[in-house]
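Source file: my_file-v6.cif. Holds: mmCIF, C-alpha atoms.
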```cif
data_coords
#
loop_
_atom_site.label_atom_id
_atom_site.label_comp_id
_atom_site.auth_asym_id
_atom_site.auth_seq_id
_atom_site.Cartn_x
_atom_site.Cartn_y
_atom_site.Cartn_z
CA MET A 21 40.13 131.42 113.10
CA VAL A 22 42.10 134.39 111.79
CA LYS A 23 43.12 132.40 108.70
CA LEU A 24 39.50 131.36 108.20
CA MET A 25 38.34 134.98 108.28
CA ILE A 26 41.08 135.98 105.83
CA ARG A 27 39.97 133.30 103.39
CA THR A 28 36.35 134.40 103.82
CA ALA A 29 37.29 138.01 103.12
CA LEU A 30 39.05 136.99 99.92
CA VAL A 31 35.94 135.19 98.73
CA LEU A 32 33.88 138.34 99.24
CA GLY A 33 36.11 140.41 96.99
CA ALA A 34 34.21 139.35 93.90
CA PHE A 35 30.88 140.49 95.35
CA VAL A 36 31.70 143.78 97.08
CA ALA A 37 32.67 145.79 94.01
CA LEU A 38 29.45 145.84 92.02
CA THR A 39 26.12 144.31 91.16
CA SER A 40 26.31 143.61 87.45
CA CYS A 41 23.17 142.85 85.54
CA ASP A 42 25.15 140.96 82.94
CA VAL A 43 22.78 142.07 80.20
CA PRO A 44 22.27 139.23 77.72
CA THR A 45 23.17 139.79 74.10
CA ALA A 46 20.27 140.71 71.86
CA SER A 47 21.77 139.32 68.68
CA ALA A 48 20.52 135.73 68.80
CA PRO A 49 16.88 135.22 69.85
CA GLN A 50 16.19 131.86 71.42
CA GLU A 51 13.02 130.02 72.38
CA ALA A 52 11.87 131.06 75.86
CA PRO A 53 10.62 128.42 78.29
CA ARG A 54 7.30 130.24 78.49
CA VAL A 55 5.25 131.90 75.79
CA ILE A 56 5.83 135.64 75.44
CA GLU A 57 3.23 137.71 73.68
CA ARG A 58 5.02 138.99 70.60
CA VAL A 59 4.83 142.76 70.51
CA THR A 60 7.19 144.24 67.97
CA ARG A 61 10.17 146.17 69.28
CA THR A 62 10.58 149.37 67.31
CA GLY A 63 13.31 151.96 67.06
CA SER A 64 16.98 152.10 66.20
CA PRO A 65 20.32 151.79 68.02
CA GLN A 66 20.62 154.32 70.81
CA SER A 67 23.44 156.79 71.42
CA VAL A 68 25.14 158.49 74.33
CA ALA A 69 23.04 161.57 73.51
CA ASP A 70 19.86 159.49 73.97
CA PHE A 71 21.26 158.17 77.24
CA ARG A 72 21.85 161.68 78.56
CA VAL A 73 18.30 162.75 77.70
CA VAL A 74 16.95 159.78 79.65
CA VAL A 75 19.24 160.44 82.61
CA ARG A 76 17.93 163.99 82.97
CA ARG A 77 14.39 162.65 83.41
CA VAL A 78 14.99 159.47 85.37
CA GLU A 79 17.68 160.58 87.84
CA PRO A 80 15.55 162.99 89.93
CA VAL A 81 12.70 160.48 90.13
CA ALA A 82 15.05 157.68 91.18
CA GLU A 83 16.70 159.87 93.81
CA ARG A 84 13.31 160.90 95.20
CA ALA A 85 12.24 157.25 95.39
CA CYS A 86 15.51 156.41 97.12
CA ARG A 87 15.00 159.06 99.79
CA GLN A 88 11.44 157.88 100.41
CA LEU A 89 12.11 154.14 100.46
CA ARG A 90 15.59 154.05 102.01
CA PRO A 91 15.90 156.96 104.46
CA GLY A 92 19.45 157.65 105.51
CA ALA A 93 21.03 156.06 102.44
CA ASN A 94 23.21 157.99 100.00
CA CYS A 95 20.75 158.76 97.20
CA ASP A 96 23.03 161.03 95.15
CA PHE A 97 23.44 158.81 92.08
CA ALA A 98 26.45 159.18 89.83
CA ILE A 99 25.45 158.03 86.34
CA THR A 100 28.07 157.43 83.71
CA ILE A 101 29.14 155.69 80.51
CA ASP A 102 31.75 152.98 80.97
CA ASN A 103 34.13 153.77 78.10
CA ARG A 104 36.77 151.18 78.91
CA PRO A 105 37.85 149.38 75.73
CA ASN A 106 36.13 146.17 74.63
CA GLN A 107 33.40 146.22 77.25
CA PRO A 108 30.46 143.91 76.43
CA PRO A 109 26.83 145.04 76.53
CA ASN A 110 26.19 145.66 80.22
CA ALA A 111 24.66 147.92 82.83
CA TYR A 112 25.61 147.73 86.48
CA GLN A 113 25.40 149.35 89.88
CA THR A 114 28.43 149.78 92.12
CA TYR A 115 29.88 152.36 94.53
CA SER A 116 32.56 155.00 94.21
CA ASP A 117 35.48 155.10 96.65
CA ALA A 118 33.54 157.71 98.59
CA GLY A 119 30.48 155.46 98.84
CA ARG A 120 28.39 157.23 96.23
CA PRO A 121 26.05 154.90 94.30
CA LEU A 122 27.27 154.59 90.72
CA LEU A 123 25.16 153.49 87.74
CA ALA A 124 27.06 152.68 84.55
CA PHE A 125 26.18 151.66 80.99
CA THR A 126 28.50 150.45 78.26
CA PRO A 127 28.17 151.91 74.75
CA ALA A 128 27.72 148.38 73.41
CA LEU A 129 24.49 148.05 75.39
CA LEU A 130 23.15 151.35 74.08
CA ARG A 131 23.75 150.16 70.53
CA GLN A 132 21.62 147.09 71.22
CA MET A 133 18.73 149.12 72.62
CA LYS A 134 16.07 150.36 70.23
CA ASN A 135 14.40 153.25 72.07
CA ARG A 136 14.63 155.49 75.10
CA ASP A 137 12.04 153.44 76.98
CA GLU A 138 14.55 150.57 77.06
CA ILE A 139 17.28 152.88 78.37
CA ALA A 140 14.94 154.28 81.03
CA PHE A 141 13.86 150.85 82.21
CA ALA A 142 17.44 149.58 82.48
CA LEU A 143 18.62 152.76 84.24
CA ALA A 144 15.75 152.64 86.73
CA HIS A 145 16.44 148.93 87.28
CA GLU A 146 20.05 149.68 88.29
CA ALA A 147 18.90 152.47 90.61
CA ALA A 148 16.46 150.02 92.17
CA HIS A 149 19.31 147.65 93.03
CA HIS A 150 20.75 150.40 95.24
CA ILE A 151 17.39 151.38 96.72
CA GLU A 152 16.69 147.74 97.62
CA ALA A 153 20.22 147.40 99.12
CA HIS A 154 20.94 144.33 97.03
CA ILE A 155 24.74 144.63 97.22
CA ASP A 156 24.58 144.70 101.02
CA GLN A 157 22.28 141.68 101.10
CA THR A 158 24.50 139.78 98.66
CA GLN A 159 27.52 140.45 100.85
CA GLN A 160 25.69 139.10 103.89
CA THR A 161 24.60 135.87 102.21
CA ALA A 162 28.08 135.46 100.70
CA VAL A 163 29.65 135.78 104.17
CA ALA A 164 27.25 133.21 105.58
CA GLY A 165 27.86 130.80 102.70
CA ALA A 166 31.63 131.18 102.88
CA LEU A 167 31.68 130.53 106.62
CA ILE A 168 29.46 127.46 106.25
CA GLY A 169 31.72 126.13 103.51
CA ALA A 170 34.85 126.75 105.56
CA VAL A 171 33.45 125.12 108.70
CA PHE A 172 32.22 122.13 106.72
CA GLY A 173 35.61 121.74 105.06
CA ALA A 174 37.37 121.83 108.41
CA MET A 175 34.93 119.36 109.98
CA VAL A 176 35.46 116.73 107.28
CA GLY A 177 39.22 117.07 107.59
CA LEU A 178 40.12 118.87 104.35
CA ASP A 179 43.61 120.29 104.02
CA PRO A 180 44.03 124.10 103.77
CA ALA A 181 43.61 124.05 99.98
CA GLY A 182 40.42 122.02 100.35
CA VAL A 183 39.07 124.40 102.97
CA ASP A 184 39.79 127.30 100.60
CA THR A 185 37.83 125.53 97.87
CA ALA A 186 34.91 124.83 100.21
CA THR A 187 34.97 128.48 101.29
CA ASN A 188 34.87 129.66 97.68
CA ILE A 189 32.01 127.31 96.81
CA GLY A 190 30.03 128.35 99.88
CA GLY A 191 30.57 132.04 99.14
CA ASN A 192 29.44 131.64 95.55
CA ILE A 193 26.32 129.73 96.54
CA GLY A 194 25.51 132.28 99.22
CA ALA A 195 25.99 135.20 96.84
CA ARG A 196 23.68 133.64 94.24
CA ARG A 197 21.01 132.46 96.66
CA TYR A 198 18.66 135.38 96.08
CA SER A 199 20.07 136.71 92.82
CA LYS A 200 17.00 135.92 90.71
CA ASP A 201 14.70 137.42 93.34
CA PHE A 202 16.83 140.56 93.43
CA GLU A 203 16.58 140.93 89.64
CA LEU A 204 12.78 140.65 89.75
CA GLU A 205 12.60 143.11 92.66
CA ALA A 206 14.74 145.60 90.72
CA ASP A 207 12.60 145.09 87.61
CA SER A 208 9.42 145.77 89.57
CA LEU A 209 10.62 148.93 91.32
CA GLY A 210 12.54 150.05 88.24
CA ALA A 211 9.40 149.76 86.11
CA ARG A 212 7.55 152.09 88.46
CA ILE A 213 10.43 154.58 88.52
CA ALA A 214 10.60 154.58 84.70
CA GLN A 215 6.85 155.03 84.48
CA SER A 216 6.94 157.94 86.95
CA SER A 217 9.65 159.50 84.79
CA GLY A 218 7.31 159.55 81.79
CA TYR A 219 8.63 156.43 80.03
CA ASN A 220 6.80 153.23 79.16
CA PRO A 221 8.31 150.26 81.03
CA LEU A 222 6.07 147.83 79.12
CA ARG A 223 7.88 148.93 76.00
CA GLY A 224 11.25 149.14 77.77
CA VAL A 225 11.22 145.58 79.07
CA LEU A 226 10.78 144.26 75.54
CA TYR A 227 14.56 144.41 75.26
CA PHE A 228 14.42 140.95 76.79
CA GLN A 229 12.10 139.71 74.08
CA ASP A 230 15.03 139.46 71.66
CA ALA A 231 17.77 138.77 74.19
CA ARG A 232 19.42 135.44 74.87
CA ASP A 233 17.29 133.68 77.48
CA PRO A 234 19.22 132.44 80.55
CA GLY A 235 16.47 129.95 81.33
CA ASP A 236 15.64 128.82 84.84
CA ARG A 237 19.03 127.42 85.86
CA PHE A 238 19.88 126.23 89.34
CA LEU A 239 21.96 128.97 90.99
CA GLY A 240 21.61 131.09 87.86
CA THR A 241 22.04 134.80 88.36
CA HIS A 242 19.05 135.92 86.28
CA PRO A 243 15.47 134.69 85.89
CA PRO A 244 13.97 133.64 82.54
CA ASN A 245 13.17 136.51 80.20
CA ALA A 246 9.48 135.58 80.10
CA ASP A 247 9.29 135.89 83.89
CA ARG A 248 10.88 139.34 83.75
CA ILE A 249 8.47 140.59 81.11
CA GLN A 250 5.43 139.25 82.97
CA ASN A 251 6.71 140.64 86.27
CA VAL A 252 6.94 144.15 84.79
CA ARG A 253 3.47 143.85 83.32
CA ASN A 254 2.12 142.89 86.72
CA SER A 255 4.03 145.69 88.46
CA VAL A 256 2.60 148.54 86.39
CA ARG A 257 -0.84 147.07 85.68
#
```
Represent the structure contained in this file as C-alpha cells.
Amino acid sequence: MVKLMIRTALVLGAFVALTSCDVPTASAPQEAPRVIERVTRTGSPQSVADFRVVVRRVEPVAERACRQLRPGANCDFAITIDNRPNQPPNAYQTYSDAGRPLLAFTPALLRQMKNRDEIAFALAHEAAHHIEAHIDQTQQTAVAGALIGAVFGAMVGLDPAGVDTATNIGGNIGARRYSKDFELEADSLGARIAQSSGYNPLRGVLYFQDARDPGDRFLGTHPPNADRIQNVRNSVR
C-alpha cells in the first residue's frame, strides 16, 4: 500500500504545480466546428506596458470577487510576466511556495493579443481558475483516477511496471475529466470580472476567433473556440 501511494503521489506531480491554459497559437486560423459570427479583431500587438495598465484595473476587482465568492481563501494575487527564455504564448495560474495565487503571462502571448480587452479577459480568466478552486479539484480527480488505475492494474495481475503505467493513465484521465468544464467556468466568471473592471469581454474573447481550434476531442483539455465565444456572450448578456 505504501508503494501504491508513492506511485500515486508521483503521478500528481504534474498537476499540483499549475493550471496552464495552454493558449492556442493565433497564427494559423482553422475552420471551427461551429459557425462563429465574424466580428473583426482590431488593434496591434500588446506590450508589457499595456499588461501593467490592465493589471492595475483588473487586480482589485478580481481580489474583491475572490473574497466574496471564496471566503477564507488567499485572495492576494501575485501577477507577473514569465520572462524565462523561449516560452510559448501562454497564461497560467499557479501558487508560490508560500501559497500565494500567482497569475503569469508570457511576452509571446502579449504579442499575439491585439488590444487590452483581450489581456483583461485572459487575466480575469486565470484569476477565476483560483476563485473556482480548479487546481484543488483537479488534484482530487487525479488522485481518484490514479488510485483506480493502480487498483485495476493490481487486480488483473500486472507487474510493478504495468501498475505504474495504469496509475499514470488513471491519473491523467482523472485530471482531465472536468478540464473543459473548468475552462468554460473560468471564461464565464472571468468575463464578468473583466466587465466589472471596465473592459469589454465580448471583444476580449475574440482572441479565440483567430486561434487554432482544439476541437471537441475526447479527454481534450480545452473546449472548442466557438463554445468559448458563445459561453462568454451568454455570461455577460
| request: Output the residue selection produced by the PyMOL selection byres ((chain A and resi 119) around 12) on the file above, formatted as an MDAnalysis selection string. | output: chainID A and resid 36:38 93:98 113:118 120:122 150
Expected file contents, prior selection, C-alpha atoms, as a PDB file, keeping the file's coordinate frame:
```pdb
ATOM      1  CA  VAL A  36      31.700 143.780  97.080  1.00  0.00           C
ATOM      2  CA  ALA A  37      32.670 145.790  94.010  1.00  0.00           C
ATOM      3  CA  LEU A  38      29.450 145.840  92.020  1.00  0.00           C
ATOM      4  CA  ALA A  93      21.030 156.060 102.440  1.00  0.00           C
ATOM      5  CA  ASN A  94      23.210 157.990 100.000  1.00  0.00           C
ATOM      6  CA  CYS A  95      20.750 158.760  97.200  1.00  0.00           C
ATOM      7  CA  ASP A  96      23.030 161.030  95.150  1.00  0.00           C
ATOM      8  CA  PHE A  97      23.440 158.810  92.080  1.00  0.00           C
ATOM      9  CA  ALA A  98      26.450 159.180  89.830  1.00  0.00           C
ATOM     10  CA  GLN A 113      25.400 149.350  89.880  1.00  0.00           C
ATOM     11  CA  THR A 114      28.430 149.780  92.120  1.00  0.00           C
ATOM     12  CA  TYR A 115      29.880 152.360  94.530  1.00  0.00           C
ATOM     13  CA  SER A 116      32.560 155.000  94.210  1.00  0.00           C
ATOM     14  CA  ASP A 117      35.480 155.100  96.650  1.00  0.00           C
ATOM     15  CA  ALA A 118      33.540 157.710  98.590  1.00  0.00           C
ATOM     16  CA  ARG A 120      28.390 157.230  96.230  1.00  0.00           C
ATOM     17  CA  PRO A 121      26.050 154.900  94.300  1.00  0.00           C
ATOM     18  CA  LEU A 122      27.270 154.590  90.720  1.00  0.00           C
ATOM     19  CA  HIS A 150      20.750 150.400  95.240  1.00  0.00           C
TER      20      HIS A 150
END
```
| field | Ground truth for the PyMOL selection byres ((chain A and resi 138) around 10), written as a PyMOL selection string | value | chain A and resi 61+66+74+130+132-137+139-144+214+219-228
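For the atom pair formed by atom CA of Asp233 of chain A and atom CA of Lys200 of chain A, the distance is 13.4 Å, given to one decimal.
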| message | Need the shell around Ala148 of chain A: protein/DNA/RNA residues with any atom at most 12 Å away, counting only C-alpha atoms. Skip same-chain ones fewer than 6 positions apart. Format as a ChimeraX atom specification? | response | /A:39,41,78-79,81-87,89-90,95,97,112-114,121-123,141-142,154-155,202-214
| remark: Residue with the minimum atom-to-atom distance to Arg131 of chain A, picked from A:Ser67, A:Thr62, A:Ser255, A:Gln88 with all atoms listed in the file counted, is A:Ser67
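Coordinates place atom CA of Asp102 of chain A at a distance of 26.0 Å from atom CA of Ser216 of chain A.
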To box segment 68-76 of chain A, take all atoms listed in the file, fit an axis-aligned box, add 3 Å on each side, and give centre and edge lengths in Å to one decimal, as lines of an AutoDock Vina configuration file.
```
center_x = 21.0
center_y = 161.1
center_z = 78.2
size_x = 14.2
size_y = 11.8
size_z = 15.5
```
